[in-house]
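Worksheet: one structure, shown below.
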Amino acid sequence: MKKILLLGIGNVLYADEGVGVHFVNYIKDKYQFSHQTDEIDIVDGGTLAQGLIPMISQYDKLIVVDTVNSIDAEPGEVYFFDFDEAPADIDWQGSAHEVEMLQTLNMMDIVGDRPHTFVLGVTPTVLEPMILGLTPNLHAAIPVMEHTLLSHLTGLGFNQQIVSNITIDQVIPDAYKRGCYVDA
C-alpha cells in the first residue's frame with residue numbers, strides 16, 4: 001500500500017496566494033477517492049512548511065498545490081511537474097511561504113525523508129494582504145488544475161466520485177477556519 005498526500009500550501013489572507021489551500025479544500029469537499037490498495041489524504045497545510053515535515057515524511061508520494069512563479073508566464077497559467085525535474089523557467093523566489101516550502105522539501109531531500117513529489121502550481125495575479133478570494137485569472141485556472149489533478153490520480157489507479165456539487169467559491173469564505181494543525 002502506498003500513501004499519497006495532496007497538500008495545499010498558501011496564505012488565504014493574501015488573495016491568490018491562498019489558491020493551494022482553497023483548491024485542496026474544494027477537492028476534499030467535492031470528491032471521494034478510492035483505490036484498491038493505496039490511500040490519499042488531503043490536507044490544508046497553510047503556511048506551516050517546516051512544521052509539516054513530520055507529517056509529510058510518512059507518505060510515499062506528495063502532491064503540493066501552491067502558487068509558482070515563472071519568468072514568462074501569464075497570471076493563471078497552470079504547471080504540473082515532478083519536483084526533481086522542475087522546468088527551468090520556474091522561479092522559487094516568490095512569496096515567503098513558497099521559499100520556505102522549497103527549503104522544507106530540500107531539507108527533507110538531504111536527509112532522505114522527502115516522498116516522490118509533484119507540484120501543481122499556478123502563477124498568481126494578486127498577492128495583496130487582507131483579500132480573501134481569487135482573482136478572475138486564478139478562478140479561471142481552477143478547472144484546468146482540477147482536470148490535471150484528476151488525470152494524475154486516475155493514472156495512479158484512483159477512482160473519484162463527486163459527493164458534493166460545489167464550486168470553489170463556496171469553500172473560500174471558511175478557508176481561514178479549516179487550516180492544518182501539526183503537533184510539534
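Chains: A, B, ... in order of the C-alpha cells. Residues: from 1 per chain. Ligands: from 1, in order shown.
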Could I get the residues of range 3-46 of chain A with an atom no further than 8 Å from an atom of range 106-126 of chain A, each paired with its nearest atom pair and that distance in Å to one decimal, using only C-alpha atoms, sorted by chain and residue number, as CSV?
residue,atom,partner,partner_atom,distance
A:Tyr14,CA,A:Val126,CA,7.7
A:Ala15,CA,A:Val126,CA,6.1
A:Asp16,CA,A:Pro124,CA,5.5
A:Glu17,CA,A:Pro124,CA,6.8
A:Gly20,CA,A:Gly121,CA,7.9
Please produce a file of the residues just selected, as a PDB file, in the first residue's frame, where the atoms kept are N, CA and C atoms.
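Produced file selection-v9.pdb, reproduced below:
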ATOM      1  N   TYR A  14      -4.009  36.523   1.585  1.00  0.00           N
ATOM      2  CA  TYR A  14      -3.277  37.266   0.566  1.00  0.00           C
ATOM      3  C   TYR A  14      -3.771  36.914  -0.832  1.00  0.00           C
ATOM      4  N   ALA A  15      -5.074  36.977  -1.032  1.00  0.00           N
ATOM      5  CA  ALA A  15      -5.705  36.784  -2.341  1.00  0.00           C
ATOM      6  C   ALA A  15      -5.218  35.499  -3.019  1.00  0.00           C
ATOM      7  N   ASP A  16      -4.605  35.620  -4.189  1.00  0.00           N
ATOM      8  CA  ASP A  16      -4.219  34.459  -4.991  1.00  0.00           C
ATOM      9  C   ASP A  16      -3.234  33.536  -4.285  1.00  0.00           C
ATOM     10  N   GLU A  17      -2.499  34.045  -3.311  1.00  0.00           N
ATOM     11  CA  GLU A  17      -1.544  33.204  -2.599  1.00  0.00           C
ATOM     12  C   GLU A  17      -2.249  32.064  -1.853  1.00  0.00           C
ATOM     13  N   GLY A  20      -3.674  27.350  -3.196  1.00  0.00           N
ATOM     14  CA  GLY A  20      -3.383  25.957  -2.839  1.00  0.00           C
ATOM     15  C   GLY A  20      -4.304  25.449  -1.756  1.00  0.00           C
TER      16      GLY A  20
END
For range 123-166 of chain A against range 40-62 of chain A, with a cut-off of 12 Å and counting only C-alpha atoms, what is the closest atom pair and its distance in Å to one decimal for every residue that makes the cut, ordered by chain and number, as JSON lines?
{"residue": "A:Leu153", "atom": "CA", "partner": "A:Ile40", "partner_atom": "CA", "distance": 9.5}
{"residue": "A:Leu156", "atom": "CA", "partner": "A:Lys61", "partner_atom": "CA", "distance": 10.6}
{"residue": "A:Gly157", "atom": "CA", "partner": "A:Ile40", "partner_atom": "CA", "distance": 11.3}
{"residue": "A:Phe158", "atom": "CA", "partner": "A:Ile40", "partner_atom": "CA", "distance": 8.9}
{"residue": "A:Asn159", "atom": "CA", "partner": "A:Ile40", "partner_atom": "CA", "distance": 11.1}
{"residue": "A:Gln160", "atom": "CA", "partner": "A:Ile40", "partner_atom": "CA", "distance": 11.3}
Requested in this report: DSSP on the backbone, then: every residue of range 51-105 of chain A marked strand (DSSP E), written as a VMD selection string.
Outcome: chain A and resid 61 to 67 69 to 70 78 to 82 90 to 91
Generate the output file for the selected residues, all heavy atoms, as a tab-separated table (two decimals), in the first residue's frame.
chain	number	residue	atom	x	y	z
A	61	LYS	N	4.17	9.40	-1.67
A	61	LYS	CA	4.07	10.39	-2.74
A	61	LYS	C	3.44	11.65	-2.18
A	61	LYS	O	2.59	11.60	-1.29
A	61	LYS	CB	3.21	9.88	-3.89
A	61	LYS	CG	3.84	8.73	-4.67
A	61	LYS	CD	2.99	8.38	-5.88
A	61	LYS	CE	3.51	7.16	-6.58
A	61	LYS	NZ	4.71	7.37	-7.34
A	62	LEU	N	3.86	12.79	-2.73
A	62	LEU	CA	3.38	14.08	-2.30
A	62	LEU	C	3.01	14.91	-3.52
A	62	LEU	O	3.78	14.97	-4.49
A	62	LEU	CB	4.48	14.80	-1.50
A	62	LEU	CG	4.27	16.27	-1.14
A	62	LEU	CD1	3.09	16.44	-0.20
A	62	LEU	CD2	5.56	16.84	-0.51
A	63	ILE	N	1.83	15.52	-3.47
A	63	ILE	CA	1.43	16.48	-4.50
A	63	ILE	C	1.21	17.80	-3.77
A	63	ILE	O	0.29	17.92	-2.95
A	63	ILE	CB	0.15	16.05	-5.24
A	63	ILE	CG1	0.32	14.68	-5.87
A	63	ILE	CG2	-0.23	17.10	-6.29
A	63	ILE	CD1	-0.98	14.05	-6.36
A	64	VAL	N	2.07	18.78	-4.04
A	64	VAL	CA	1.97	20.10	-3.42
A	64	VAL	C	1.21	21.02	-4.37
A	64	VAL	O	1.56	21.13	-5.54
A	64	VAL	CB	3.37	20.70	-3.14
A	64	VAL	CG1	3.25	22.11	-2.58
A	64	VAL	CG2	4.16	19.82	-2.20
A	65	VAL	N	0.17	21.66	-3.86
A	65	VAL	CA	-0.60	22.63	-4.64
A	65	VAL	C	-0.27	24.01	-4.07
A	65	VAL	O	-0.48	24.27	-2.89
A	65	VAL	CB	-2.12	22.36	-4.56
A	65	VAL	CG1	-2.88	23.34	-5.45
A	65	VAL	CG2	-2.43	20.92	-4.95
A	66	ASP	N	0.22	24.90	-4.95
A	66	ASP	CA	0.70	26.19	-4.48
A	66	ASP	C	0.81	27.15	-5.66
A	66	ASP	O	0.68	26.74	-6.82
A	66	ASP	CB	2.08	26.01	-3.83
A	66	ASP	CG	2.50	27.16	-2.93
A	66	ASP	OD1	1.77	28.16	-2.82
A	66	ASP	OD2	3.60	27.07	-2.35
A	67	THR	N	1.10	28.40	-5.36
A	67	THR	CA	1.45	29.32	-6.42
A	67	THR	C	2.89	29.03	-6.84
A	67	THR	O	3.70	28.56	-6.04
A	67	THR	CB	1.37	30.80	-5.95
A	67	THR	OG1	2.21	30.97	-4.82
A	67	THR	CG2	-0.06	31.18	-5.63
A	69	ASN	N	6.03	30.85	-9.49
A	69	ASN	CA	6.40	31.98	-10.34
A	69	ASN	C	7.22	31.46	-11.50
A	69	ASN	O	8.05	30.58	-11.34
A	69	ASN	CB	7.20	33.01	-9.55
A	69	ASN	CG	6.35	33.71	-8.52
A	69	ASN	OD1	5.28	34.20	-8.84
A	69	ASN	ND2	6.80	33.72	-7.29
A	70	SER	N	6.95	32.03	-12.66
A	70	SER	CA	7.69	31.68	-13.86
A	70	SER	C	8.01	32.96	-14.61
A	70	SER	O	7.17	33.88	-14.68
A	70	SER	CB	6.85	30.75	-14.73
A	70	SER	OG	7.51	30.49	-15.94
A	78	VAL	N	-1.19	27.29	-15.48
A	78	VAL	CA	-1.09	26.11	-14.62
A	78	VAL	C	0.14	25.29	-15.00
A	78	VAL	O	0.41	25.07	-16.17
A	78	VAL	CB	-2.36	25.25	-14.73
A	78	VAL	CG1	-2.23	23.97	-13.91
A	78	VAL	CG2	-3.58	26.05	-14.27
A	79	TYR	N	0.85	24.85	-13.97
A	79	TYR	CA	2.01	23.98	-14.14
A	79	TYR	C	1.80	22.70	-13.34
A	79	TYR	O	1.26	22.74	-12.23
A	79	TYR	CB	3.28	24.66	-13.58
A	79	TYR	CG	3.81	25.78	-14.43
A	79	TYR	CD1	3.25	27.05	-14.36
A	79	TYR	CD2	4.86	25.57	-15.31
A	79	TYR	CE1	3.73	28.09	-15.14
A	79	TYR	CE2	5.35	26.60	-16.09
A	79	TYR	CZ	4.77	27.85	-16.01
A	79	TYR	OH	5.26	28.86	-16.78
A	80	PHE	N	2.25	21.58	-13.90
A	80	PHE	CA	2.27	20.33	-13.16
A	80	PHE	C	3.57	19.63	-13.52
A	80	PHE	O	3.83	19.37	-14.69
A	80	PHE	CB	1.08	19.44	-13.51
A	80	PHE	CG	1.01	18.19	-12.67
A	80	PHE	CD1	0.69	18.26	-11.33
A	80	PHE	CD2	1.31	16.95	-13.21
A	80	PHE	CE1	0.65	17.13	-10.53
A	80	PHE	CE2	1.26	15.81	-12.43
A	80	PHE	CZ	0.93	15.89	-11.10
A	81	PHE	N	4.42	19.38	-12.51
A	81	PHE	CA	5.73	18.81	-12.80
A	81	PHE	C	6.24	18.01	-11.62
A	81	PHE	O	5.83	18.21	-10.48
A	81	PHE	CB	6.73	19.89	-13.20
A	81	PHE	CG	6.90	21.00	-12.19
A	81	PHE	CD1	7.82	20.91	-11.17
A	81	PHE	CD2	6.12	22.15	-12.28
A	81	PHE	CE1	7.98	21.93	-10.24
A	81	PHE	CE2	6.27	23.19	-11.35
A	81	PHE	CZ	7.20	23.07	-10.34
A	82	ASP	N	7.15	17.11	-11.95
A	82	ASP	CA	7.89	16.36	-10.95
A	82	ASP	C	8.89	17.33	-10.32
A	82	ASP	O	9.62	18.02	-11.03
A	82	ASP	CB	8.62	15.19	-11.62
A	82	ASP	CG	9.31	14.26	-10.65
A	82	ASP	OD1	9.96	14.75	-9.70
A	82	ASP	OD2	9.22	13.04	-10.86
A	90	ILE	N	10.85	28.08	-13.83
A	90	ILE	CA	10.21	28.23	-12.52
A	90	ILE	C	11.15	29.01	-11.60
A	90	ILE	O	12.31	28.67	-11.44
A	90	ILE	CB	9.86	26.86	-11.89
A	90	ILE	CG1	8.79	26.16	-12.73
A	90	ILE	CG2	9.41	27.02	-10.45
A	90	ILE	CD1	7.44	26.84	-12.74
A	91	ASP	N	10.61	30.08	-11.03
A	91	ASP	CA	11.37	30.93	-10.12
A	91	ASP	C	10.84	30.71	-8.72
A	91	ASP	O	9.69	31.02	-8.42
A	91	ASP	CB	11.17	32.39	-10.55
A	91	ASP	CG	11.78	33.37	-9.58
A	91	ASP	OD1	12.51	32.96	-8.66
A	91	ASP	OD2	11.51	34.58	-9.74
Report task. Going by DSSP on the backbone, which bits of range 27-107 of chain A are alpha helix (DSSP H)? Write them as number ranges by chain, please. Result -> A: 27-30, 53-56, 96-107
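If you measure from each of A:Tyr26, A:Asn11, A:Leu138, A:Ile71 to Ala88 in chain A using only C-alpha atoms, the closest one turns out to be A:Ile71.
You will find CA of Asn165 in chain A at 24.9 Å from CA of Glu77 in chain A.
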Query raised in the report: Any idea what the distance is between CA of Gly10 in chain A and CA of Val144 in chain A?
Result: 18.8 Å
Query raised in the report: Residues at most 9 Å from Ile142 in chain A, counting only C-alpha atoms, excluding those fewer than 3 positions away in the same chain, as JSON, numbers by chain?
Result: {"A": [19, 23, 76, 78, 138, 139, 145, 146, 147, 168]}
Can you spit out the residues from that selection as a PDB file, in the first residue's frame, using N, CA, C and O atoms?
ATOM      1  N   VAL A  19      -4.495  30.094  -3.122  1.00  0.00           N
ATOM      2  CA  VAL A  19      -5.097  29.152  -4.070  1.00  0.00           C
ATOM      3  C   VAL A  19      -4.838  27.687  -3.701  1.00  0.00           C
ATOM      4  O   VAL A  19      -5.716  26.841  -3.873  1.00  0.00           O
ATOM      5  N   PHE A  23      -7.933  25.309  -3.159  1.00  0.00           N
ATOM      6  CA  PHE A  23      -8.088  24.205  -4.102  1.00  0.00           C
ATOM      7  C   PHE A  23      -8.213  22.861  -3.391  1.00  0.00           C
ATOM      8  O   PHE A  23      -9.095  22.071  -3.719  1.00  0.00           O
ATOM      9  N   GLY A  76      -2.433  32.971 -13.915  1.00  0.00           N
ATOM     10  CA  GLY A  76      -3.411  31.921 -14.144  1.00  0.00           C
ATOM     11  C   GLY A  76      -2.887  30.736 -14.932  1.00  0.00           C
ATOM     12  O   GLY A  76      -3.611  29.772 -15.155  1.00  0.00           O
ATOM     13  N   VAL A  78      -1.188  27.285 -15.483  1.00  0.00           N
ATOM     14  CA  VAL A  78      -1.087  26.114 -14.618  1.00  0.00           C
ATOM     15  C   VAL A  78       0.137  25.294 -14.997  1.00  0.00           C
ATOM     16  O   VAL A  78       0.412  25.072 -16.173  1.00  0.00           O
ATOM     17  N   LEU A 138      -7.001  33.461 -11.716  1.00  0.00           N
ATOM     18  CA  LEU A 138      -6.833  32.222 -10.963  1.00  0.00           C
ATOM     19  C   LEU A 138      -8.137  31.455 -10.868  1.00  0.00           C
ATOM     20  O   LEU A 138      -8.139  30.227 -10.902  1.00  0.00           O
ATOM     21  N   HIS A 139      -9.226  32.166 -10.762  1.00  0.00           N
ATOM     22  CA  HIS A 139     -10.531  31.500 -10.740  1.00  0.00           C
ATOM     23  C   HIS A 139     -10.710  30.690 -12.030  1.00  0.00           C
ATOM     24  O   HIS A 139     -11.177  29.544 -12.001  1.00  0.00           O
ATOM     25  N   MET A 145      -6.658  23.082 -13.265  1.00  0.00           N
ATOM     26  CA  MET A 145      -5.986  22.424 -12.141  1.00  0.00           C
ATOM     27  C   MET A 145      -6.739  21.156 -11.735  1.00  0.00           C
ATOM     28  O   MET A 145      -6.120  20.116 -11.491  1.00  0.00           O
ATOM     29  N   GLU A 146      -8.056  21.245 -11.683  1.00  0.00           N
ATOM     30  CA  GLU A 146      -8.875  20.096 -11.295  1.00  0.00           C
ATOM     31  C   GLU A 146      -8.703  18.949 -12.291  1.00  0.00           C
ATOM     32  O   GLU A 146      -8.478  17.807 -11.905  1.00  0.00           O
ATOM     33  N   HIS A 147      -8.782  19.261 -13.574  1.00  0.00           N
ATOM     34  CA  HIS A 147      -8.602  18.236 -14.602  1.00  0.00           C
ATOM     35  C   HIS A 147      -7.209  17.607 -14.521  1.00  0.00           C
ATOM     36  O   HIS A 147      -7.051  16.391 -14.622  1.00  0.00           O
ATOM     37  N   ILE A 168     -15.625  26.286  -6.064  1.00  0.00           N
ATOM     38  CA  ILE A 168     -14.548  26.774  -5.189  1.00  0.00           C
ATOM     39  C   ILE A 168     -14.993  28.011  -4.409  1.00  0.00           C
ATOM     40  O   ILE A 168     -14.573  28.228  -3.284  1.00  0.00           O
TER      41      ILE A 168
END
